[in-house]
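Coordinates as given in run_16.pdb (PDB, C-alpha atoms):
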ATOM      1  CA  MET A   1     -16.015  34.640 -82.914
ATOM      2  CA  ASP A   2     -12.568  33.384 -81.954
ATOM      3  CA  ALA A   3     -10.137  36.263 -81.306
ATOM      4  CA  ARG A   4      -7.387  34.618 -83.361
ATOM      5  CA  ILE A   5      -9.703  34.343 -86.382
ATOM      6  CA  VAL A   6     -10.640  38.015 -86.005
ATOM      7  CA  ALA A   7      -6.937  38.953 -85.835
ATOM      8  CA  LEU A   8      -6.088  36.869 -88.913
ATOM      9  CA  THR A   9      -9.014  38.382 -90.822
ATOM     10  CA  GLU A  10      -7.766  41.878 -89.938
ATOM     11  CA  ARG A  11      -4.254  40.941 -91.095
ATOM     12  CA  ILE A  12      -5.679  39.727 -94.409
ATOM     13  CA  ARG A  13      -7.552  43.041 -94.840
ATOM     14  CA  GLY A  14      -4.347  44.902 -94.067
ATOM     15  CA  LEU A  15      -2.433  42.873 -96.647
ATOM     16  CA  GLU A  16      -5.176  43.527 -99.228
ATOM     17  CA  ALA A  17      -4.868  47.276 -98.577
ATOM     18  CA  GLU A  18      -1.083  47.003 -98.906
ATOM     19  CA  LEU A  19      -1.512  45.128-102.200
ATOM     20  CA  ASP A  20      -3.906  47.816-103.499
ATOM     21  CA  ALA A  21      -1.356  50.504-102.643
ATOM     22  CA  GLU A  22       1.424  48.557-104.387
ATOM     23  CA  LEU A  23      -0.717  48.079-107.515
ATOM     24  CA  ALA A  24      -1.446  51.829-107.541
ATOM     25  CA  ARG A  25       2.299  52.526-107.318
ATOM     26  CA  ARG A  26       2.861  50.137-110.238
ATOM     27  CA  LEU A  27       0.321  52.051-112.369
ATOM     28  CA  ALA A  28       2.132  55.273-111.503
ATOM     29  CA  ASP A  29       5.458  53.672-112.492
ATOM     30  CA  LEU A  30       3.910  52.771-115.857
ATOM     31  CA  ARG A  31       2.800  56.414-116.147
ATOM     32  CA  ILE A  32      -0.881  55.551-116.259
ATOM     33  CA  GLY A  33      -3.273  58.116-114.855
ATOM     34  CA  MET A  34      -6.978  58.259-114.097
ATOM     35  CA  GLU A  35      -9.263  61.240-114.545
ATOM     36  CA  ARG A  36     -12.962  60.979-113.687
ATOM     37  CA  GLY A  37     -12.838  57.210-114.125
ATOM     38  CA  ARG A  38     -11.052  57.402-117.476
ATOM     39  CA  VAL A  39      -7.637  55.920-118.117
ATOM     40  CA  LEU A  40      -5.060  58.396-119.391
ATOM     41  CA  PHE A  41      -1.754  57.590-121.073
ATOM     42  CA  GLU A  42       0.991  60.013-121.984
ATOM     43  CA  GLU A  43       1.247  60.521-125.752
ATOM     44  CA  GLU A  44       4.689  58.852-125.897
ATOM     45  CA  ILE A  45       3.308  55.771-124.104
ATOM     46  CA  LEU A  46       0.358  55.613-126.508
ATOM     47  CA  ARG A  47       2.695  55.816-129.494
ATOM     48  CA  ARG A  48       4.796  52.947-128.129
ATOM     49  CA  HIS A  49       1.660  50.889-127.428
ATOM     50  CA  ARG A  50       0.480  51.330-131.019
ATOM     51  CA  GLU A  51       3.891  50.184-132.267
ATOM     52  CA  LEU A  52       3.604  47.001-130.200
ATOM     53  CA  ARG A  53       0.106  46.090-131.432
ATOM     54  CA  THR A  54      -0.042  42.881-133.480
ATOM     55  CA  ARG A  55      -2.004  43.358-136.671
ATOM     56  CA  LEU A  56      -5.275  41.444-136.614
ATOM     57  CA  SER A  57      -4.433  39.485-139.781
ATOM     58  CA  ALA A  58      -1.070  38.383-138.342
ATOM     59  CA  TYR A  59      -2.714  37.491-135.043
ATOM     60  CA  ILE A  60      -5.256  35.237-136.753
ATOM     61  CA  LEU A  61      -2.814  33.702-139.246
ATOM     62  CA  ASN A  62      -0.308  32.855-136.492
ATOM     63  CA  ALA A  63      -2.887  31.298-134.172
ATOM     64  CA  ARG A  64      -2.374  27.627-133.337
ATOM     65  CA  PRO A  65      -4.939  25.381-135.076
ATOM     66  CA  LEU A  66      -6.217  23.975-131.770
ATOM     67  CA  VAL A  67      -6.845  27.509-130.522
ATOM     68  CA  VAL A  68      -8.930  28.245-133.612
ATOM     69  CA  LEU A  69     -10.824  24.942-133.293
ATOM     70  CA  THR A  70     -11.661  25.475-129.620
ATOM     71  CA  ALA A  71     -12.701  29.132-129.981
ATOM     72  CA  PRO A  72     -16.374  28.219-130.627
ATOM     73  CA  ALA A  73     -16.432  26.201-127.391
ATOM     74  CA  ILE A  74     -15.088  29.162-125.443
ATOM     75  CA  TYR A  75     -17.480  31.674-126.970
ATOM     76  CA  SER A  76     -20.488  29.349-126.631
ATOM     77  CA  LEU A  77     -20.328  29.917-122.876
ATOM     78  CA  ILE A  78     -21.668  33.427-123.433
ATOM     79  CA  VAL A  79     -25.211  31.990-123.561
ATOM     80  CA  PRO A  80     -25.191  30.363-120.085
ATOM     81  CA  LEU A  81     -23.239  33.323-118.694
ATOM     82  CA  VAL A  82     -25.856  35.831-119.885
ATOM     83  CA  LEU A  83     -28.652  33.581-118.587
ATOM     84  CA  LEU A  84     -26.884  33.303-115.226
ATOM     85  CA  ASP A  85     -26.537  37.086-115.147
ATOM     86  CA  LEU A  86     -30.250  37.575-115.875
ATOM     87  CA  PHE A  87     -31.466  34.950-113.393
ATOM     88  CA  VAL A  88     -29.175  36.014-110.535
ATOM     89  CA  SER A  89     -29.957  39.694-111.058
ATOM     90  CA  PHE A  90     -33.691  38.870-111.040
ATOM     91  CA  TYR A  91     -33.273  36.714-107.917
ATOM     92  CA  GLN A  92     -31.474  39.518-106.104
ATOM     93  CA  ALA A  93     -34.002  42.148-107.218
ATOM     94  CA  VAL A  94     -36.921  40.084-105.916
ATOM     95  CA  CYS A  95     -35.531  38.322-102.844
ATOM     96  CA  PHE A  96     -32.967  40.648-101.277
ATOM     97  CA  PRO A  97     -35.485  43.433-100.488
ATOM     98  CA  ALA A  98     -37.865  40.828 -99.020
ATOM     99  CA  TYR A  99     -35.136  39.499 -96.711
ATOM    100  CA  GLY A 100     -33.572  42.859 -95.907
ATOM    101  CA  ILE A 101     -30.259  41.894 -97.536
ATOM    102  CA  ALA A 102     -28.204  44.722 -99.030
ATOM    103  CA  LYS A 103     -28.074  44.431-102.818
ATOM    104  CA  VAL A 104     -24.813  43.768-104.645
ATOM    105  CA  ARG A 105     -23.901  46.513-107.109
ATOM    106  CA  ARG A 106     -23.279  44.763-110.421
ATOM    107  CA  ARG A 107     -21.134  47.610-111.760
ATOM    108  CA  ASP A 108     -18.615  47.058-108.958
ATOM    109  CA  TYR A 109     -17.862  43.600-110.381
ATOM    110  CA  LEU A 110     -18.088  44.084-114.149
ATOM    111  CA  VAL A 111     -15.111  46.195-115.203
ATOM    112  CA  PHE A 112     -14.417  46.900-118.859
ATOM    113  CA  ASP A 113     -11.332  49.047-119.346
ATOM    114  CA  ARG A 114      -8.900  46.996-121.420
ATOM    115  CA  HIS A 115     -10.296  48.400-124.665
ATOM    116  CA  HIS A 116      -8.277  51.551-123.846
ATOM    117  CA  LEU A 117      -5.040  49.611-124.386
ATOM    118  CA  ALA A 118      -3.636  50.630-127.763
ATOM    119  CA  TYR A 119      -1.323  47.592-127.897
ATOM    120  CA  LEU A 120      -4.300  45.222-128.258
ATOM    121  CA  ASN A 121      -5.890  44.502-131.631
ATOM    122  CA  ALA A 122      -9.668  44.175-132.082
ATOM    123  CA  LEU A 123      -9.777  40.419-131.403
ATOM    124  CA  GLU A 124      -7.592  40.761-128.303
ATOM    125  CA  LYS A 125      -9.927  43.492-127.052
ATOM    126  CA  LEU A 126     -12.932  41.251-127.681
ATOM    127  CA  ASN A 127     -11.236  38.404-125.795
ATOM    128  CA  CYS A 128     -10.452  40.751-122.914
ATOM    129  CA  ALA A 129     -14.058  41.978-122.783
ATOM    130  CA  TYR A 130     -15.281  38.369-122.748
ATOM    131  CA  CYS A 131     -12.933  37.402-119.888
ATOM    132  CA  SER A 132     -13.795  40.581-117.974
ATOM    133  CA  TYR A 133     -17.483  39.765-118.277
ATOM    134  CA  ALA A 134     -17.100  36.094-117.331
ATOM    135  CA  ASN A 135     -14.836  36.672-114.320
ATOM    136  CA  GLY A 136     -16.676  39.783-113.158
ATOM    137  CA  LEU A 137     -19.999  37.967-113.442
ATOM    138  CA  ILE A 138     -18.718  34.993-111.423
ATOM    139  CA  ALA A 139     -17.472  37.383-108.704
ATOM    140  CA  TYR A 140     -20.883  39.153-108.727
ATOM    141  CA  VAL A 141     -22.729  35.843-108.474
ATOM    142  CA  ARG A 142     -20.370  34.691-105.712
ATOM    143  CA  GLU A 143     -21.116  37.808-103.663
ATOM    144  CA  ILE A 144     -24.882  37.340-104.106
ATOM    145  CA  ALA A 145     -24.567  33.675-103.117
ATOM    146  CA  GLY A 146     -22.348  34.647-100.171
ATOM    147  CA  ARG A 147     -24.896  37.149 -98.867
ATOM    148  CA  THR A 148     -27.616  34.548 -99.309
ATOM    149  CA  GLU A 149     -25.569  31.993 -97.378
ATOM    150  CA  GLN A 150     -24.857  34.558 -94.670
ATOM    151  CA  TYR A 151     -28.603  35.113 -94.310
ATOM    152  CA  TRP A 152     -29.774  31.480 -94.344
ATOM    153  CA  CYS A 153     -26.888  29.308 -93.168
ATOM    154  CA  PRO A 154     -23.869  31.083 -91.697
ATOM    155  CA  ILE A 155     -22.087  27.896 -90.637
ATOM    156  CA  LYS A 156     -18.576  27.030 -91.751
ATOM    157  CA  HIS A 157     -17.928  23.674 -93.411
ATOM    158  CA  ALA A 158     -15.901  20.978 -91.697
ATOM    159  CA  ARG A 159     -13.466  20.953 -94.622
ATOM    160  CA  ARG A 160     -11.503  23.953 -95.826
ATOM    161  CA  VAL A 161     -13.308  25.908 -98.530
ATOM    162  CA  ILE A 162     -11.100  27.214-101.333
ATOM    163  CA  GLY A 163     -11.931  30.756-102.389
ATOM    164  CA  ALA A 164     -14.564  31.394 -99.724
ATOM    165  CA  HIS A 165     -16.418  34.703 -99.936
ATOM    166  CA  PRO A 166     -15.402  37.521 -97.563
ATOM    167  CA  SER A 167     -18.246  36.928 -95.063
ATOM    168  CA  TYR A 168     -17.373  33.269 -94.581
ATOM    169  CA  ALA A 169     -14.729  33.845 -91.885
ATOM    170  CA  ALA A 170     -17.411  35.310 -89.585
ATOM    171  CA  PHE A 171     -19.697  32.270 -89.884
ATOM    172  CA  GLU A 172     -20.297  30.034 -86.892
ATOM    173  CA  ASP A 173     -17.938  27.093 -86.495
ATOM    174  CA  TYR A 174     -19.003  23.719 -87.825
ATOM    175  CA  GLY A 175     -20.348  21.640 -84.942
ATOM    176  CA  ASP A 176     -20.844  24.580 -82.535
ATOM    177  CA  ALA A 177     -24.582  24.090 -81.999
ATOM    178  CA  GLU A 178     -24.810  26.547 -79.100
ATOM    179  CA  ALA A 179     -23.216  29.369 -81.090
ATOM    180  CA  TYR A 180     -25.513  28.697 -84.053
ATOM    181  CA  ARG A 181     -28.650  28.676 -81.875
ATOM    182  CA  LYS A 182     -27.511  31.909 -80.193
ATOM    183  CA  TRP A 183     -26.935  33.484 -83.620
ATOM    184  CA  LEU A 184     -30.359  32.243 -84.796
ATOM    185  CA  GLU A 185     -32.129  33.766 -81.786
ATOM    186  CA  GLN A 186     -30.373  37.108 -82.333
ATOM    187  CA  PHE A 187     -31.115  36.993 -86.042
ATOM    188  CA  GLN A 188     -34.819  36.268 -85.476
ATOM    189  CA  ARG A 189     -35.059  39.146 -82.986
ATOM    190  CA  LEU A 190     -33.505  41.469 -85.560
ATOM    191  CA  ARG A 191     -35.697  40.170 -88.362
ATOM    192  CA  ASN A 192     -38.959  40.240 -86.406
ATOM    193  CA  GLY A 193     -38.265  43.400 -84.437
ATOM    194  CA  PRO A 194     -38.995  43.926 -80.759
ATOM    195  CA  PRO A 195     -41.868  41.948 -79.257
ATOM    196  CA  GLY A 196     -45.004  43.845 -79.536
TER     197      GLY A 196
END
How does the structure come out when it is put into structure tokens?
Amino acid sequence: MDARIVALTERIRGLEAELDAELARRLADLRIGMERGRVLFEEEILRRHRELRTRLSAYILNARPLVVLTAPAIYSLIVPLVLLDLFVSFYQAVCFPAYGIAKVRRRDYLVFDRHHLAYLNALEKLNCAYCSYANGLIAYVREIAGRTEQYWCPIKHARRVIGAHPSYAAFEDYGDAEAYRKWLEQFQRLRNGPPG
């Protein structure tokens, strides 16, 4: 792979680590702690959060009519999302072991922790759980699709891809037939093992 691309990829990883550290500092500034995976708030913070919670009745009564009318459309997506989850999880369970692809851990992508926020009412918590599921699921599916693409067709596109998965930068360049054939030969040797 091109040395400049490797260097840029490393810079991106460094910036991601820097961002993670900054987000952790922000949580500390907000006096939010973690203990064995559980979120902990100081009692004074919890009290203030409860004071800021909008009552459910007020939340519903003050909702814009178009928001109320479109809510069924939003929530109807739960059916295709759950089906996608089931089908992709089944696909991974059956195919990844057959191809020798490392499985994606679903729990790394589906994070549900906003229900600990005392300043959210029940409907806000439900909305947050729905968005967490939808976005986490899409990230999970994207990683499974990315690993599949890495296995079957690790060639970049001619056009820029928005939101490419992390493995994409290491793919062979579009139009570099020699590099692809070299990769394919190496891949087949790895897949088939040493000649026997």
(request) For the structure shown, which residues end up in the PyMOL selection byres ((chain A and resi 141-146) around 8)? Put them as a PyMOL selection string, please? (result) chain A and resi 85+88+92+103-104+137-140+147-150+165-168
(message) List as a ChimeraX atom specification the protein and nucleic acid residues near Lys125 in chain A, meaning an atom at most 12 Å away when only C-alpha atoms are counted, but skip any in the same chain fewer than 2 places from it.
(response) /A:53-54,56,112-123,127-132
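Checking A:Ala134, A:Leu27, A:Ala179, A:Ala58 one by one against Val79 in chain A, counting all atoms listed in the file, you find the shortest gap at A:Ala134.
Applied to the file shown here, the PyMOL selection byres ((chain A and resi 5) around 12) selects A:Met1, A:Asp2, A:Ala3, A:Arg4, A:Val6, A:Ala7, A:Leu8, A:Thr9, A:Glu10, A:Arg11, A:Ile12, A:Tyr168, A:Ala169, A:Ala170, A:Phe171, A:Glu172, A:Asp173.
Note that the spacing between CA of Gly136 in chain A and CA of Arg50 in chain A amounts to 27.3 Å.
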(request) May I ask for the distance between CA of Cys153 in chain A and CA of Asp108 in chain A, given in Å to one decimal place? (result)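 These atoms are spaced 25.2 Å apart.
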(request) Have a look at CA of Ala28 in chain A and CA of Arg48 in chain A and let me know their distance in Å, one decimal. (result)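 Going from CA of Ala28 in chain A over to CA of Arg48 in chain A, I get 17.0 Å.
If all atoms listed in the file are the atoms counted, then among A:Trp183, A:Ala63, A:Tyr151, A:Ala17 the closest residue to Gly100 in chain A is A:Tyr151.
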(message) Under the rule that all atoms listed in the file are counted, which of A:Val111, A:Ala21, A:Ala71, A:Cys95 is the nearest residue to Gly37 in chain A?
(response) A:Val111
Rebuild range 27-38 of chain A to N, CA and C atoms - output it as a short mmCIF file (atom, residue, chain, number, x, y, z; two decimals), in the frame of the given file, please.
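Generated output (part.cif):
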data_model
loop_
_atom_site.label_atom_id
_atom_site.label_comp_id
_atom_site.auth_asym_id
_atom_site.auth_seq_id
_atom_site.Cartn_x
_atom_site.Cartn_y
_atom_site.Cartn_z
N LEU A 27 0.96 51.26 -111.31
CA LEU A 27 0.32 52.05 -112.37
C LEU A 27 1.03 53.39 -112.54
N ALA A 28 1.41 54.00 -111.43
CA ALA A 28 2.13 55.27 -111.50
C ALA A 28 3.49 55.07 -112.18
N ASP A 29 4.17 53.97 -111.86
CA ASP A 29 5.46 53.67 -112.49
C ASP A 29 5.30 53.51 -114.00
N LEU A 30 4.18 52.95 -114.42
CA LEU A 30 3.91 52.77 -115.86
C LEU A 30 3.37 54.05 -116.50
N ARG A 31 3.28 55.10 -115.71
CA ARG A 31 2.80 56.41 -116.15
C ARG A 31 1.38 56.34 -116.69
N ILE A 32 0.54 55.66 -115.92
CA ILE A 32 -0.88 55.55 -116.26
C ILE A 32 -1.65 56.38 -115.25
N GLY A 33 -2.49 57.26 -115.74
CA GLY A 33 -3.27 58.12 -114.86
C GLY A 33 -4.76 57.85 -115.00
N MET A 34 -5.52 58.36 -114.07
CA MET A 34 -6.98 58.26 -114.10
C MET A 34 -7.55 59.65 -113.90
N GLU A 35 -8.57 59.96 -114.69
CA GLU A 35 -9.26 61.24 -114.54
C GLU A 35 -10.75 61.00 -114.74
N ARG A 36 -11.52 61.22 -113.68
CA ARG A 36 -12.96 60.98 -113.69
C ARG A 36 -13.31 59.60 -114.22
N GLY A 37 -12.57 58.59 -113.74
CA GLY A 37 -12.84 57.21 -114.12
C GLY A 37 -12.27 56.79 -115.47
N ARG A 38 -11.64 57.72 -116.17
CA ARG A 38 -11.05 57.40 -117.48
C ARG A 38 -9.56 57.19 -117.34
#
